[in-house]
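The block underneath contains the structure these notes are about, expressed in structure tokens.
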Amino acid sequence: MEPPGAQRYSNASQERLPWQWEEHEWRRHVERARAGRSLKPAGWPHGARAAVALSFDPDHETIPLRDAETRPGKLSQGEYGARVGVPRILALLERHSVPATFFMPAVCALLRPEEARGYTDRGHEVGIHGWIHERNMLLEAKDERELTFRCADTLERLSGQRPQGIRTPSWDFSDHTLEIIQELGLLYDSSLMADDDPYEVLADGVRTGLVELPPEWIRDDAVYFTMDRYTDVRPYAVPRQVASIWRDEFDAAYVEGGLFQMTMHPHVIGHRSRMVVLEDLLEHIGRHEGVWYATHAQVAAYVKEQAGLGG
Ligand SMILES: [Zn+2]
């Protein structure tokens with residue numbers, strides 16, 4: 001759901017073109033936040049063969065709001081997520097006894113405190129997802145820091161649970177995101193994509209102890225189902241075809257004894273024709289022996305302990 005022209009995010013402080021950079025410059029960018037050791041454990045709890053960690057990002061109205069798109073039409077699409085998508089998702093998770101993680105912008109929690117509380121009351125996890133789904137790469141460091149801290153405090157107050165992890169809005173990392181996460185003392189991040197399985201994040205080549213639970217757009221509903229009515233972009237996909245991708249992702253994770261992680265959005269997956277395939281997917285996974293269903297925080301805590309990374 002990004003606007004065209006991602007070059008607006010490029011670091012404006014770079015005065016010379018990339019082909020003109022000295023070796024230490026391109027190395028510095030690559031080293032800023034990258035994958036360290038793999039944290040894929042030798043085995044999962046209870047002798048399980050693979051882990052399944054589902055996440056939902058209840059962005060609701062904040063996707064249009066963060067771009068100052070304030071008209072009721074676009075907002076109503078987000079409202080659908082809260083009114084229709086969330087109850088369907090919670091019922092589905094309950095039917096399958098599956099815990100999940102909800103990365104929630106603080107503004108959404110303020111709009112509907114009962115929704116935030118409803119997640120934790122049902123044993124799900126609530127994680128940080130920005131204040132108003134802000135574009136962190138357009139922010140000054142102090143603003144990004146203040147919004148992230150404010151989000152953590154707001155979610156704690158409204159959900160009754162101190163967030164242990166973050167998925168940055170749109171999974172974007174500014175040059176300051178990693179140090180803000182470290183300052184917050186979070187257990188894990190779930191925004192970077194350097195592996196299928198958990199790994200430790202390195203900051204400028206230095207170990208951080210921060211667990212990365214990598215998402216991937218392949219395992220995200222938004223890329224397949226959203227559209228922009230003002231452009232010719234119509235990336236609409238048939239839900240049952242998308243489900244076959246997700247099934248293959250799970251099957252391979254199961255064979256490898258790894259992590260199957262998914263990211264979905266109530267206003268996207270919550271529609272009738274899409275909930276059908278999510279239910280099919282959970283039934284497919286449920287036919288496998290030895291699957292450990294866990295929240296992101298549970299997965300992160302487990303792999304960190306197994307790796308002897310300490311608390
Ligand atoms: Zn989001």
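Ordering of the structure tokens sets the chain letters (A, B, ...); residue numbers start at 1 within each chain; ligands are numbered from 1 in the order shown.
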Residue neighbourhood A:Pro113, 12 Å, only C-alpha atoms, exclusion window fewer than 6 positions, as an NGL selection string: :A and (82 or 104-107 or 119-120 or 154-160)
Each stretch 19-98 of chain A residue no farther than 10 Å from stretch 243-267 of chain A, nearest pair in Å, only C-alpha atoms, as JSON lines:
```
{"residue": "A:Lys40", "atom": "CA", "partner": "A:Gly258", "partner_atom": "CA", "distance": 6.7}
{"residue": "A:Pro41", "atom": "CA", "partner": "A:Gly258", "partner_atom": "CA", "distance": 8.2}
{"residue": "A:Ala42", "atom": "CA", "partner": "A:Gly257", "partner_atom": "CA", "distance": 8.4}
{"residue": "A:Gly43", "atom": "CA", "partner": "A:Gly257", "partner_atom": "CA", "distance": 7.5}
{"residue": "A:Trp44", "atom": "CA", "partner": "A:Gly257", "partner_atom": "CA", "distance": 8.3}
{"residue": "A:Ala48", "atom": "CA", "partner": "A:Gly257", "partner_atom": "CA", "distance": 8.5}
{"residue": "A:Arg49", "atom": "CA", "partner": "A:Gly257", "partner_atom": "CA", "distance": 5.2}
{"residue": "A:Ala50", "atom": "CA", "partner": "A:Gly257", "partner_atom": "CA", "distance": 4.7}
{"residue": "A:Ala51", "atom": "CA", "partner": "A:Leu259", "partner_atom": "CA", "distance": 4.8}
{"residue": "A:Val52", "atom": "CA", "partner": "A:Phe260", "partner_atom": "CA", "distance": 4.8}
{"residue": "A:Ala53", "atom": "CA", "partner": "A:Gln261", "partner_atom": "CA", "distance": 4.8}
{"residue": "A:Leu54", "atom": "CA", "partner": "A:Met262", "partner_atom": "CA", "distance": 4.9}
{"residue": "A:Ser55", "atom": "CA", "partner": "A:Thr263", "partner_atom": "CA", "distance": 4.9}
{"residue": "A:Phe56", "atom": "CA", "partner": "A:Met264", "partner_atom": "CA", "distance": 4.6}
{"residue": "A:Asp57", "atom": "CA", "partner": "A:His265", "partner_atom": "CA", "distance": 5.0}
{"residue": "A:Pro58", "atom": "CA", "partner": "A:His265", "partner_atom": "CA", "distance": 5.7}
{"residue": "A:Asp59", "atom": "CA", "partner": "A:His265", "partner_atom": "CA", "distance": 7.0}
{"residue": "A:His60", "atom": "CA", "partner": "A:His267", "partner_atom": "CA", "distance": 6.4}
{"residue": "A:Glu61", "atom": "CA", "partner": "A:His267", "partner_atom": "CA", "distance": 9.3}
{"residue": "A:Ser76", "atom": "CA", "partner": "A:His267", "partner_atom": "CA", "distance": 9.7}
{"residue": "A:Gln77", "atom": "CA", "partner": "A:His267", "partner_atom": "CA", "distance": 6.7}
{"residue": "A:Gly78", "atom": "CA", "partner": "A:His267", "partner_atom": "CA", "distance": 5.7}
{"residue": "A:Glu79", "atom": "CA", "partner": "A:His267", "partner_atom": "CA", "distance": 7.5}
{"residue": "A:Tyr80", "atom": "CA", "partner": "A:His267", "partner_atom": "CA", "distance": 5.8}
{"residue": "A:Gly81", "atom": "CA", "partner": "A:His267", "partner_atom": "CA", "distance": 3.6}
{"residue": "A:Ala82", "atom": "CA", "partner": "A:Pro266", "partner_atom": "CA", "distance": 6.9}
{"residue": "A:Arg83", "atom": "CA", "partner": "A:His267", "partner_atom": "CA", "distance": 9.1}
{"residue": "A:Val84", "atom": "CA", "partner": "A:Pro266", "partner_atom": "CA", "distance": 8.0}
{"residue": "A:Gly85", "atom": "CA", "partner": "A:Pro266", "partner_atom": "CA", "distance": 4.6}
{"residue": "A:Val86", "atom": "CA", "partner": "A:Pro266", "partner_atom": "CA", "distance": 5.6}
{"residue": "A:Pro87", "atom": "CA", "partner": "A:Pro266", "partner_atom": "CA", "distance": 9.1}
{"residue": "A:Arg88", "atom": "CA", "partner": "A:Pro266", "partner_atom": "CA", "distance": 8.7}
{"residue": "A:Ile89", "atom": "CA", "partner": "A:Pro266", "partner_atom": "CA", "distance": 7.4}
```
Residue nearest A:Val30 - candidates A:Ala297, A:Arg16, A:Asp175, A:Arg240, atoms counted: only C-alpha atoms: A:Asp175
Coordinates-based distance that separates atom CA of A:Glu114 from atom CA of A:Leu184 (Å, one decimal): 25.3 Å
Minimum-distance residue to A:Val277, chosen among A:Pro215, A:Pro72, A:Pro239, A:Pro99 (using only C-alpha atoms): A:Pro239
Neighbour list for A:Asp143 as a PyMOL selection string, cut-off 12 Å, only C-alpha atoms, skip fewer than 2 positions in-chain: chain A and resi 130-131+134-141+145-150+174+176-177+180
Members of stretch 5-71 of chain A assigned helix (DSSP H, G or I) by DSSP, as a PyMOL selection string: chain A and resi 6-9+18-20+23-31+45-47+62-65
All strand (DSSP E) positions in stretch 10-206 of chain A, as a PyMOL selection string: chain A and resi 33-38+50-56+100-104+125-128+165-166+188-189+199-203+206
Among listed residues A:Thr62, A:Thr208, A:Ser38, A:Ser97, nearest A:Leu111 (using only C-alpha atoms):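 Using only C-alpha atoms, the shortest distance to A:Leu111 belongs to A:Thr62.
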Using only C-alpha atoms and all ligand atoms: which of A:Leu309, A:Ile285, A:Val242, A:Ile132 has the shortest distance to ligand 1: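 Smallest distance to ligand 1 is found for A:Ile132.
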Close residues, stretch 92-96 of chain A itself excluded, 10 Å, only C-alpha atoms, min 5 positions apart in chain, as a PyMOL selection string: chain A and resi 54+86-87+122+124+275+278-279+282-283+286
Atom CA of A:Glu212 to atom CA of A:Tyr199, straight-line distance in Å: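 Those two atoms sit 5.3 Å apart.
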Counting only C-alpha atoms and all ligand atoms, the residue of A:Glu31, A:Glu305, A:Asp172, A:Asp280 that sits nearest ligand 1: A:Asp172
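Residues within 7 Å of A:Leu186, counting only C-alpha atoms and excluding same-chain residues fewer than 4 positions away, are Gln164, Gly165, Ile181 and Gln182 of chain A.
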Those residues you just picked out, can you put them in a file as a CSV table (one decimal), in the first residue's frame with C-alpha atoms?
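Final output, out-v9.csv:
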```
chain,number,residue,atom,x,y,z
A,164,GLN,CA,7.6,-6.9,23.8
A,165,GLY,CA,8.0,-6.5,20.1
A,181,ILE,CA,14.1,-0.4,19.4
A,182,GLN,CA,17.2,-1.1,21.4
```
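In this model, the gap between atom CA of A:Val206 and atom CA of A:Ala300 comes to 19.3 Å.
For the set A:Ala301, A:Val201, A:Ala222, A:Val291, the residue with the smallest atom-to-atom gap to ligand 1 is A:Ala222, counting only C-alpha atoms and all ligand atoms.
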